[in-house]
>>> print(open('coords.pdb').read())   # PDB, C-alpha atoms and all ligand atoms
ATOM      1  CA  MET T   1       0.000   0.000   0.000
ATOM      2  CA  ALA T   2       1.424   3.364  -0.973
ATOM      3  CA  GLN T   3       1.952   5.836   1.816
ATOM      4  CA  ALA T   4       0.928   9.399   1.145
ATOM      5  CA  LYS T   5       3.899  10.695   3.079
ATOM      6  CA  ASN T   6       7.418   9.378   3.254
ATOM      7  CA  LEU T   7       7.816   9.112   6.997
ATOM      8  CA  ALA T   8      11.378   7.937   6.663
ATOM      9  CA  GLU T   9      12.216  11.531   5.708
ATOM     10  CA  SER T  10      10.004  13.825   7.731
ATOM     11  CA  VAL T  11       6.403  14.684   8.444
ATOM     12  CA  ILE T  12       5.719  18.418   8.600
ATOM     13  CA  PHE T  13       8.620  19.103  10.974
ATOM     14  CA  PRO T  14      12.282  18.138  10.637
ATOM     15  CA  LYS T  15      13.143  14.560  11.572
ATOM     16  CA  GLY T  16      16.113  15.680  13.639
ATOM     17  CA  GLN T  17      18.894  13.555  15.041
ATOM     18  CA  LYS T  18      18.916   9.837  15.795
ATOM     19  CA  ILE T  19      18.313   9.166  19.466
ATOM     20  CA  THR T  20      21.340   7.494  20.993
ATOM     21  CA  ASN T  21      20.249   6.970  24.590
ATOM     22  CA  ASN T  22      19.376   3.537  25.968
ATOM     23  CA  TYR T  23      15.676   4.238  26.424
ATOM     24  CA  PHE T  24      14.585   3.117  22.953
ATOM     25  CA  ILE T  25      14.556  -0.141  20.999
ATOM     26  CA  GLY T  26      15.011   0.374  17.263
ATOM     27  CA  GLY T  27      15.707   3.590  15.421
ATOM     28  CA  ALA T  28      14.082   6.809  16.604
ATOM     29  CA  TRP T  29      14.804  10.453  15.810
ATOM     30  CA  LEU T  30      14.195  13.662  17.758
ATOM     31  CA  GLU T  31      13.946  17.296  16.723
ATOM     32  CA  MET T  32      13.244  19.716  19.554
ATOM     33  CA  LEU T  33      10.772  22.281  18.208
ATOM     34  CA  VAL T  34      10.641  24.249  21.463
ATOM     35  CA  PRO T  35      13.750  23.716  23.594
ATOM     36  CA  ALA T  36      13.660  22.608  27.204
ATOM     37  CA  ASP T  37      15.333  25.848  28.311
ATOM     38  CA  SER T  38      12.767  28.112  26.655
ATOM     39  CA  PRO T  39      11.261  30.600  29.133
ATOM     40  CA  LEU T  40       7.864  29.275  28.040
ATOM     41  CA  ASN T  41       8.541  26.076  30.058
ATOM     42  CA  CYS T  42       6.818  23.876  27.525
ATOM     43  CA  PRO T  43       9.323  21.652  25.696
ATOM     44  CA  ILE T  44       7.963  20.251  22.437
ATOM     45  CA  GLY T  45       9.712  17.570  20.418
ATOM     46  CA  ASN T  46       9.049  15.875  17.089
ATOM     47  CA  VAL T  47       9.734  12.149  17.452
ATOM     48  CA  THR T  48       9.941   9.733  14.516
ATOM     49  CA  PHE T  49      10.095   5.940  14.953
ATOM     50  CA  GLU T  50      11.068   3.379  12.324
ATOM     51  CA  PRO T  51       8.836   0.279  12.090
ATOM     52  CA  GLY T  52       9.169  -1.783  15.278
ATOM     53  CA  ALA T  53      10.826   1.018  17.251
ATOM     54  CA  ARG T  54       9.464   2.014  20.663
ATOM     55  CA  ASN T  55      10.537   3.645  23.865
ATOM     56  CA  ASN T  56      10.929   1.919  27.211
ATOM     57  CA  TRP T  57       8.216   2.001  29.794
ATOM     58  CA  HIS T  58       8.398   5.393  31.491
ATOM     59  CA  LYS T  59       6.553   7.983  33.574
ATOM     60  CA  HIS T  60       6.387  11.743  33.149
ATOM     61  CA  ALA T  61       6.125  13.497  36.500
ATOM     62  CA  GLY T  62       4.041  16.272  34.934
ATOM     63  CA  GLY T  63       2.362  14.274  32.176
ATOM     64  CA  GLN T  64       2.677  14.504  28.399
ATOM     65  CA  ILE T  65       0.544  15.163  25.317
ATOM     66  CA  LEU T  66       1.172  13.297  22.063
ATOM     67  CA  LEU T  67      -0.097  14.690  18.739
ATOM     68  CA  VAL T  68       0.217  11.971  16.117
ATOM     69  CA  THR T  69       1.403  13.456  12.824
ATOM     70  CA  GLY T  70       1.992  10.361  10.735
ATOM     71  CA  GLY T  71       1.922   6.610  10.449
ATOM     72  CA  THR T  72       0.556   4.033  12.860
ATOM     73  CA  GLY T  73       1.777   3.376  16.363
ATOM     74  CA  TYR T  74       0.946   2.052  19.783
ATOM     75  CA  TYR T  75       0.273   3.712  23.111
ATOM     76  CA  GLN T  76      -0.004   1.497  26.162
ATOM     77  CA  GLU T  77      -0.580   2.252  29.821
ATOM     78  CA  GLU T  78       0.415  -0.311  32.413
ATOM     79  CA  GLY T  79      -2.374  -2.796  33.079
ATOM     80  CA  LYS T  80      -4.294  -1.847  29.926
ATOM     81  CA  PRO T  81      -4.257  -3.149  26.360
ATOM     82  CA  ALA T  82      -2.102  -1.301  23.840
ATOM     83  CA  GLN T  83      -4.070   1.180  21.728
ATOM     84  CA  VAL T  84      -3.388   1.641  18.036
ATOM     85  CA  ILE T  85      -2.934   5.353  17.322
ATOM     86  CA  ARG T  86      -2.828   7.087  13.976
ATOM     87  CA  GLU T  87      -2.273  10.461  12.348
ATOM     88  CA  GLY T  88      -4.639  12.952  13.921
ATOM     89  CA  ASP T  89      -4.911  11.197  17.279
ATOM     90  CA  VAL T  90      -4.262  13.099  20.491
ATOM     91  CA  VAL T  91      -3.114  11.226  23.590
ATOM     92  CA  GLU T  92      -3.238  12.853  27.017
ATOM     93  CA  ILE T  93      -0.899  11.016  29.371
ATOM     94  CA  PRO T  94      -1.576  11.782  33.023
ATOM     95  CA  SER T  95       1.134  12.565  35.533
ATOM     96  CA  ASP T  96       3.101   9.534  36.757
ATOM     97  CA  VAL T  97       1.200   6.992  34.643
ATOM     98  CA  LYS T  98       3.551   4.234  33.474
ATOM     99  CA  HIS T  99       3.365   3.847  29.684
ATOM    100  CA  TRP T 100       5.246   3.475  26.419
ATOM    101  CA  HIS T 101       4.742   4.592  22.822
ATOM    102  CA  GLY T 102       6.179   3.627  19.470
ATOM    103  CA  ALA T 103       5.621   2.369  15.949
ATOM    104  CA  THR T 104       3.776  -0.711  14.864
ATOM    105  CA  ALA T 105       5.889  -3.476  13.344
ATOM    106  CA  ASP T 106       5.041  -2.492   9.773
ATOM    107  CA  SER T 107       4.727   1.292   9.844
ATOM    108  CA  TRP T 108       6.804   4.342  10.457
ATOM    109  CA  PHE T 109       5.286   6.540  13.141
ATOM    110  CA  ALA T 110       5.677  10.191  14.069
ATOM    111  CA  HIS T 111       4.293  12.272  16.912
ATOM    112  CA  ILE T 112       4.787  15.635  18.519
ATOM    113  CA  ALA T 113       5.525  15.204  22.243
ATOM    114  CA  ILE T 114       4.564  18.094  24.507
ATOM    115  CA  SER T 115       5.939  18.089  28.040
ATOM    116  CA  THR T 116       3.293  19.406  30.423
ATOM    117  CA  ASN T 117       3.653  20.678  33.984
ATOM    118  CA  ILE T 118       7.412  20.422  33.799
ATOM    119  CA  HIS T 119       7.782  22.060  37.204
ATOM    120  CA  MET T 120       6.503  18.744  38.629
ATOM    121  CA  GLY T 121       9.687  16.927  37.699
ATOM    122  CA  GLU T 122      11.512  14.728  35.248
ATOM    123  CA  THR T 123      10.775  11.667  33.151
ATOM    124  CA  GLU T 124      11.540   8.380  34.895
ATOM    125  CA  TRP T 125      12.775   5.722  32.452
ATOM    126  CA  LEU T 126      11.987   2.099  33.278
ATOM    127  CA  GLU T 127      12.362  -1.337  31.681
ATOM    128  CA  PRO T 128      12.252  -2.002  27.920
ATOM    129  CA  VAL T 129       9.199  -3.305  26.092
ATOM    130  CA  THR T 130      10.563  -6.743  25.322
ATOM    131  CA  ASP T 131      10.346  -8.347  21.885
ATOM    132  CA  GLU T 132       8.259 -11.065  23.538
ATOM    133  CA  ALA T 133       5.632  -8.567  24.665
ATOM    134  CA  TYR T 134       5.802  -6.386  21.552
ATOM    135  CA  ASP T 135       5.492  -9.320  19.170
ATOM    136  CA  GLN T 136       2.190 -10.289  20.791
ATOM    137  CA  LEU T 137       0.568  -6.967  19.909
TER
HETATM  138 MN    MN M 201       5.774   9.286  27.177
END
>>> encode(input="coords.pdb", output="structure tokens")
Amino acid sequence: MAQAKNLAESVIFPKGQKITNNYFIGGAWLEMLVPADSPLNCPIGNVTFEPGARNNWHKHAGGQILLVTGGTGYYQEEGKPAQVIREGDVVEIPSDVKHWHGATADSWFAHIAISTNIHMGETEWLEPVTDEAYDQL
């Protein structure tokens, strides 16, 4: 099936740099659209995942909003089934809720990540989403 947009390049915003920390499985890219040190206190990043890529389980002390800009991905909160999310979906992630997000196995995926209530604290990174668990989705 032809994709209307080539997500391997960029969707709307620049793809940015490949993420090199240990909190992701598979290739993911980040472009900060509003930097963390902006006086507006509202960091906004464009995150692009290759098929199969996802972040580790994590919690945002002040919550997070995801605006899906392309492709098909997953969002899962601990204890709940993974939700399939697509371009145009908005995900409101409450403070301190353990979750992960990433691409499906056969699609690139891009979202804008907005850090909310950043005065409440940092992101806490937890264990990876194992291949065993991911492959069952
Ligand atoms: Mn998150």
>>> closest_residue(input="coords.pdb", among="T:Gly52, T:Gly63, T:Pro35, T:Gly45", to="Lys15 in chain T", atoms="all atoms listed in the file")
T:Gly45
>>> closest_residue(input="coords.pdb", among="T:His101, T:Lys18, T:His111, T:His119", to="ligand MN 201 (chain M)", atoms="only C-alpha atoms and all ligand atoms")
T:His101
>>> closest_residue(input="coords.pdb", among="T:Lys80, T:Arg54, T:Arg86, T:His99", to="ligand MN 201 (chain M)", atoms="all atoms listed in the file")
T:His99
>>> closest_residue(input="coords.pdb", among="T:Asn41, T:Ser115, T:Asn46, T:Asn21", to="Lys59 in chain T", atoms="only C-alpha atoms")
T:Ser115
>>> residues_near_ligand(input="coords.pdb", ligand="ligand MN 201 (chain M)", cutoff="10 Å", atoms="all atoms listed in the file", output="PyMOL selection string")
chain T and resi 55-60+63-66+75-77+91-94+96-102+113-115+123-125
>>> atom_distance(input="coords.pdb", atom1="CA of Phe109 in chain T", atom2="CA of Glu78 in chain T")
21.0 Å
>>> atom_distance(input="coords.pdb", atom1="CA of Gly79 in chain T", atom2="CA of Leu30 in chain T")
27.9 Å
>>> resolve_selection(input="coords.pdb", expression="the PyMOL selection byres (((chain T and resi 131) around 12) and not hetatm)", output="JSON, numbers by chain")
{"T": [25, 26, 52, 53, 54, 56, 105, 128, 129, 130, 132, 133, 134, 135, 136, 137]}
>>> write_last_selection(input="coords.pdb", atoms="C-alpha atoms", output="PDB file, in the coordinates of the input")
ATOM      1  CA  ILE T  25      14.556  -0.141  20.999  1.00  0.00           C
ATOM      2  CA  GLY T  26      15.011   0.374  17.263  1.00  0.00           C
ATOM      3  CA  GLY T  52       9.169  -1.783  15.278  1.00  0.00           C
ATOM      4  CA  ALA T  53      10.826   1.018  17.251  1.00  0.00           C
ATOM      5  CA  ARG T  54       9.464   2.014  20.663  1.00  0.00           C
ATOM      6  CA  ASN T  56      10.929   1.919  27.211  1.00  0.00           C
ATOM      7  CA  ALA T 105       5.889  -3.476  13.344  1.00  0.00           C
ATOM      8  CA  PRO T 128      12.252  -2.002  27.920  1.00  0.00           C
ATOM      9  CA  VAL T 129       9.199  -3.305  26.092  1.00  0.00           C
ATOM     10  CA  THR T 130      10.563  -6.743  25.322  1.00  0.00           C
ATOM     11  CA  GLU T 132       8.259 -11.065  23.538  1.00  0.00           C
ATOM     12  CA  ALA T 133       5.632  -8.567  24.665  1.00  0.00           C
ATOM     13  CA  TYR T 134       5.802  -6.386  21.552  1.00  0.00           C
ATOM     14  CA  ASP T 135       5.492  -9.320  19.170  1.00  0.00           C
ATOM     15  CA  GLN T 136       2.190 -10.289  20.791  1.00  0.00           C
ATOM     16  CA  LEU T 137       0.568  -6.967  19.909  1.00  0.00           C
TER      17      LEU T 137
END
>>> residues_near_point(input="coords.pdb", point="(1.3, 3.8, 9.5)", cutoff="7 Å", atoms="only C-alpha atoms", output="PyMOL selection string")
chain T and resi 70-73+86+107-109
>>> residues_near_point(input="coords.pdb", point="(7.8, 21.6, 32.7)", cutoff="9 Å", atoms="all atoms listed in the file", output="ChimeraX atom specification")
/T:36,40-43,62,115-122
>>> atom_distance(input="coords.pdb", atom1="CA of Glu31 in chain T", atom2="CA of Val68 in chain T")
14.7 Å
>>> closest_residue(input="coords.pdb", among="T:Gln83, T:Ala61, T:Glu127, T:Thr69", to="Ser95 in chain T", atoms="only C-alpha atoms")
T:Ala61
>>> resolve_selection(input="coords.pdb", expression="the PyMOL selection byres (((chain T and resi 8) around 8) and not hetatm)", output="list in words")
Asn6, Leu7, Glu9, Ser10, Glu50 and Trp108 of chain T
>>> write_last_selection(input="coords.pdb", atoms="C-alpha atoms", output="mmCIF file, in the coordinates of the input")
data_model
loop_
_atom_site.group_PDB
_atom_site.id
_atom_site.type_symbol
_atom_site.label_atom_id
_atom_site.label_comp_id
_atom_site.auth_asym_id
_atom_site.auth_seq_id
_atom_site.Cartn_x
_atom_site.Cartn_y
_atom_site.Cartn_z
ATOM 1 C CA ASN T 6 7.418 9.378 3.254
ATOM 2 C CA LEU T 7 7.816 9.112 6.997
ATOM 3 C CA GLU T 9 12.216 11.531 5.708
ATOM 4 C CA SER T 10 10.004 13.825 7.731
ATOM 5 C CA GLU T 50 11.068 3.379 12.324
ATOM 6 C CA TRP T 108 6.804 4.342 10.457
#
